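What follows is a short report on a single structure.
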Amino acid sequence: MKIQITICGGGNAAHTLVGLLGNQNDVIVKVYAPLGDEADRWQNGIRLNGGITVLTPQGKKLGRPDLVSRNASKAVSGSELVILALPAFAHQAILEEIAPYLISGAWVGALPARGGFDLGARSALGHQVTQVSIFGFQTLPWACRIQQYGSEAIILGTKKQVDIAAWPAAQGPVIADRLQQLLSVRLDPVGSFLSLTLADTGQIIHPGIMYGLFHDWNGKPYPDKRPFYQGVDDTIAEVLQQMSDEVQGLRTVLGKSYPDLDLSAVRSLNDWLLRSYQGTIADSSTLQSRFATNQSYAGLTAPMKPMSGGFVPDFQARYLAEDVPFNLLVTRGIAGLADVPMPMVDRVVTWAQTQLGKEYLVDGKVEGTDLPATRAPQRFAITSLDRLFQEMEYLAADSAVST
């Protein structure tokens with residue numbers, strides 16, 4: 001029996017998903033592309049190429065969607081699985097647009113979810129949230145890039161395993177099993193979306209490396225684009241290590257306060273790298289070498305813009321514009337509820353908000369004027385851990401909440 005899937009988005013992950021899923025005989029793929037001229041560009045490329053070609057290490061795969069539309073009703077109605085392959089800042093608007101057309105029992109999720117996806121999704125879907133299951137991937141299963149819009153994408157590397165969370169939590173193993181079959185990627189269910197939020201290493205890696213590379217930038221252009229992951233030196237590795245340690249410290253405090261809470265998936269950055277990139281890291285002796293010798297990261301450069309004389313940092317790229325308000329600040333907000341200090345995270349967020357022209361942290365508190373454009377718990381008027389845990393059902397119904 002065929003399954004109907006809607007892919008929302010038009011970027012790297014959306015192209016890869018359409019090519020891989022549209023290649024399968026038992027799958028009907030539709031694309032919801034409401035942003036700008038994306039639908040037209042999809043349609044033009046598909047018409048010329050016959051579908052989306054995905055270049056994988058195992059060879060080429062060609063998948064053709066049954067429909068590409070900027071109309072939510074046409075793209076979403078009847079789909080049992082809806083995947084948001086979108087930047088986190090677009091999640092809420094897209095969820096609000098598709099909510100009226102979701103069928104009862106549908107699975108709705110983000111790939112990747114980023115921090116606090118469950119908070120944002122439950123707010124955006126309103127009463128409809130009780131009719132569906134929500135899921136989210138901790139990270140993209142692949143390092144992938146569009147080669148030609150609407151025509152071709154390439155998979156540069158595939159992670160060995162990816163964590164997935166669901167709400168209700170009992171749906172996690174069921175959703176993971178089906179998506180694992182569809183995507184041929186090992187998916188490991190975790191206990192809750194809280195675990196997924198804290199375990200998201202993108203919140204450490206992307207803002208941390210951006211800070212390390214550019215916090216002392218003098219405003220002059222660089223002659224060439226700087227390597228990103230493989231540009232991690234010992235000093236940047238220390239920033240990343242401290243950020244990782246602070247997240248682990250929060251995990252420890254939460255585990256003591258809520259003994260029934262499963263945070264086993266909240267791994268250190270070192271452990272996550274080895275788990276995700278088994279076989280592609282040549283030298284695993286240090287955190288710095290795990291970045292520098294990771295073949296999946298080879299050749300990837302920092303987000304930079306051309307200008308006269310070379311290249312300058314692009315601080316509006318998603319490594320700050322997405323990973324701070326929809327990742328790192330969510331974790332920082334939870335730490336604020338738990339009274340857990342995060343000095344290195346504060347340093348990175350304070351620097352990042354200056355580059356972004358935003359205000360998220362004020363005097364060490366998550367309460368800036370731009371808080372409404374984030375997914376920090378404080379944005380949803382959650383002011384205590386008890387309320388967060390009760391509203392989001394991070395503990396089993398029969399587990400006592402204690403602080």
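Here's how to read the names in the structure tokens: chain A, B, ... by the order shown, residue numbers from 1 in each chain, ligand numbers from 1 in the order shown.
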If we count only C-alpha atoms and set the cut-off at 12 Å, which residues sit around A:Arg379, ignoring sequence neighbours fewer than 2 positions away in its own chain? Please answer as a PyMOL selection string.
chain A and resi 116+119-120+123+325-326+329-330+333-334+360+366-377+381-383+388
Write the residues you've just listed into a file as a compact mmCIF listing (two decimals), in the first residue's frame, and include C-alpha atoms for each of them.
```txt
# COMPACT_ATOMS: atom_id res chain seq x y z
CA GLY A 116 12.25 23.41 21.21
CA LEU A 119 7.18 23.91 22.00
CA GLY A 120 6.80 25.70 18.68
CA SER A 123 1.79 26.41 19.76
CA PRO A 325 17.47 31.57 18.59
CA PHE A 326 16.21 28.08 17.73
CA LEU A 329 19.03 29.92 23.30
CA VAL A 330 16.47 27.16 23.97
CA GLY A 333 16.55 29.17 28.55
CA ILE A 334 16.16 25.76 30.17
CA TYR A 360 18.10 37.65 23.48
CA VAL A 366 16.64 35.21 28.62
CA GLU A 367 14.29 38.14 28.27
CA GLY A 368 15.45 40.32 25.36
CA THR A 369 13.19 42.25 23.01
CA ASP A 370 13.66 39.64 20.26
CA LEU A 371 12.53 36.73 22.44
CA PRO A 372 9.23 36.33 20.48
CA ALA A 373 11.29 35.26 17.46
CA THR A 374 12.87 32.32 19.32
CA ARG A 375 11.77 28.99 20.78
CA ALA A 376 13.18 29.52 24.26
CA PRO A 377 10.67 28.34 26.90
CA ALA A 381 5.55 32.12 29.26
CA ILE A 382 7.11 29.03 30.83
CA THR A 383 8.81 30.27 33.98
CA LEU A 388 7.86 22.95 31.39
```
For the contact check between stretch 300-389 of chain A and stretch 234-256 of chain A, emit one row per residue of stretch 300-389 of chain A within 6 Å, containing the shortest atom pair and the distance in Å rounded to one decimal, counting only C-alpha atoms, chain then rising number order, as a Markdown table.
```
| residue | atom | partner | partner_atom | distance |
| --- | --- | --- | --- | --- |
| A:Met342 | CA | A:Glu246 | CA | 5.8 |
| A:Met344 | CA | A:Met243 | CA | 5.9 |
| A:Val345 | CA | A:Met243 | CA | 5.8 |
```
File of the preceding selection, N, CA and C atoms, as a PDB file, in the first residue's frame:
```pdb
ATOM      1  N   MET A 342      25.995  29.124  32.579  1.00  0.00           N
ATOM      2  CA  MET A 342      26.619  28.713  31.328  1.00  0.00           C
ATOM      3  C   MET A 342      27.492  29.868  30.805  1.00  0.00           C
ATOM      4  N   MET A 344      30.384  30.166  29.072  1.00  0.00           N
ATOM      5  CA  MET A 344      30.860  30.165  27.690  1.00  0.00           C
ATOM      6  C   MET A 344      29.695  30.307  26.713  1.00  0.00           C
ATOM      7  N   VAL A 345      28.584  29.642  26.997  1.00  0.00           N
ATOM      8  CA  VAL A 345      27.398  29.807  26.162  1.00  0.00           C
ATOM      9  C   VAL A 345      26.960  31.268  26.177  1.00  0.00           C
TER      10      VAL A 345
END
```
Excluding stretch 265-274 of chain A and any residue of its chain fewer than 4 positions from it, enumerate the residues within 9 Å of it, using only C-alpha atoms, and give them as a list of chain:residue names.
A:Asp163, A:Val190, A:Gly191, A:Ser195, A:Leu196, A:Thr197, A:Leu198, A:Ala199, A:Asp200, A:Thr201, A:Ile204, A:Ile205, A:Leu240, A:Gln241, A:Ser244, A:Asp245, A:Val247, A:Gln248, A:Arg251, A:Gln278, A:Gly279, A:Ile281, A:Ser284, A:Thr286, A:Leu287, A:Arg290, A:Phe291
Close residues, A:Val232 itself excluded, 9 Å, only C-alpha atoms, min 5 positions apart in chain, as an MDAnalysis selection string
chainID A and resid 209 212:213 227 237 288:289 291:292
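Look at stretch 141-155 of chain A: the protein and nucleic acid residues within 6 Å of it, using only C-alpha atoms and passing over chain neighbours fewer than 3 places away, are Asn12, Trp42, Gly45, Ile46, Asn49, Ile52, Thr53, Val54, Leu55, Thr56, Thr158 and Lys159 of chain A.
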Using only C-alpha atoms, which residues sit within 6 Å of stretch 92-108 of chain A once same-chain residues fewer than 4 positions away are excluded, as a list in words?
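Returned residues: Ala72, Ser73, Ser77, Glu80, Leu81, Val82, Ala124, Leu125, Gln131, Val132, Ser133 and Ile134 of chain A.
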Select from stretch 25-77 of chain A everything DSSP, run on the backbone, classes as strand (DSSP E or B), then give the selection as a PyMOL selection string.
chain A and resi 27-32+52-56+59-63+67-69
File of the preceding selection, C-alpha atoms, as a PDB file, in the first residue's frame:
```
ATOM      1  CA  VAL A  27       5.687   6.267  -2.115  1.00  0.00           C
ATOM      2  CA  ILE A  28       3.736   9.250  -3.448  1.00  0.00           C
ATOM      3  CA  VAL A  29       5.744  12.431  -2.931  1.00  0.00           C
ATOM      4  CA  LYS A  30       4.336  15.941  -2.934  1.00  0.00           C
ATOM      5  CA  VAL A  31       6.250  19.154  -2.365  1.00  0.00           C
ATOM      6  CA  TYR A  32       4.905  22.209  -0.574  1.00  0.00           C
ATOM      7  CA  ILE A  52      15.622  15.080  -8.766  1.00  0.00           C
ATOM      8  CA  THR A  53      18.881  13.193  -9.195  1.00  0.00           C
ATOM      9  CA  VAL A  54      20.686  12.468  -5.932  1.00  0.00           C
ATOM     10  CA  LEU A  55      24.363  11.596  -6.232  1.00  0.00           C
ATOM     11  CA  THR A  56      25.244   9.146  -3.467  1.00  0.00           C
ATOM     12  CA  GLY A  59      25.474   5.747  -7.231  1.00  0.00           C
ATOM     13  CA  LYS A  60      22.725   7.935  -8.671  1.00  0.00           C
ATOM     14  CA  LYS A  61      19.073   7.883  -7.666  1.00  0.00           C
ATOM     15  CA  LEU A  62      16.329   9.696  -9.554  1.00  0.00           C
ATOM     16  CA  GLY A  63      13.064  10.552  -7.847  1.00  0.00           C
ATOM     17  CA  LEU A  67       3.152  17.397  -7.308  1.00  0.00           C
ATOM     18  CA  VAL A  68       4.963  20.627  -6.523  1.00  0.00           C
ATOM     19  CA  SER A  69       2.710  23.409  -5.293  1.00  0.00           C
TER      20      SER A  69
END
```
Would you mind reading off the distance between atom CA of A:Gly357 and atom CA of A:Pro221, one decimal, in Å?
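That distance, rounded to one decimal, is 20.5 Å.
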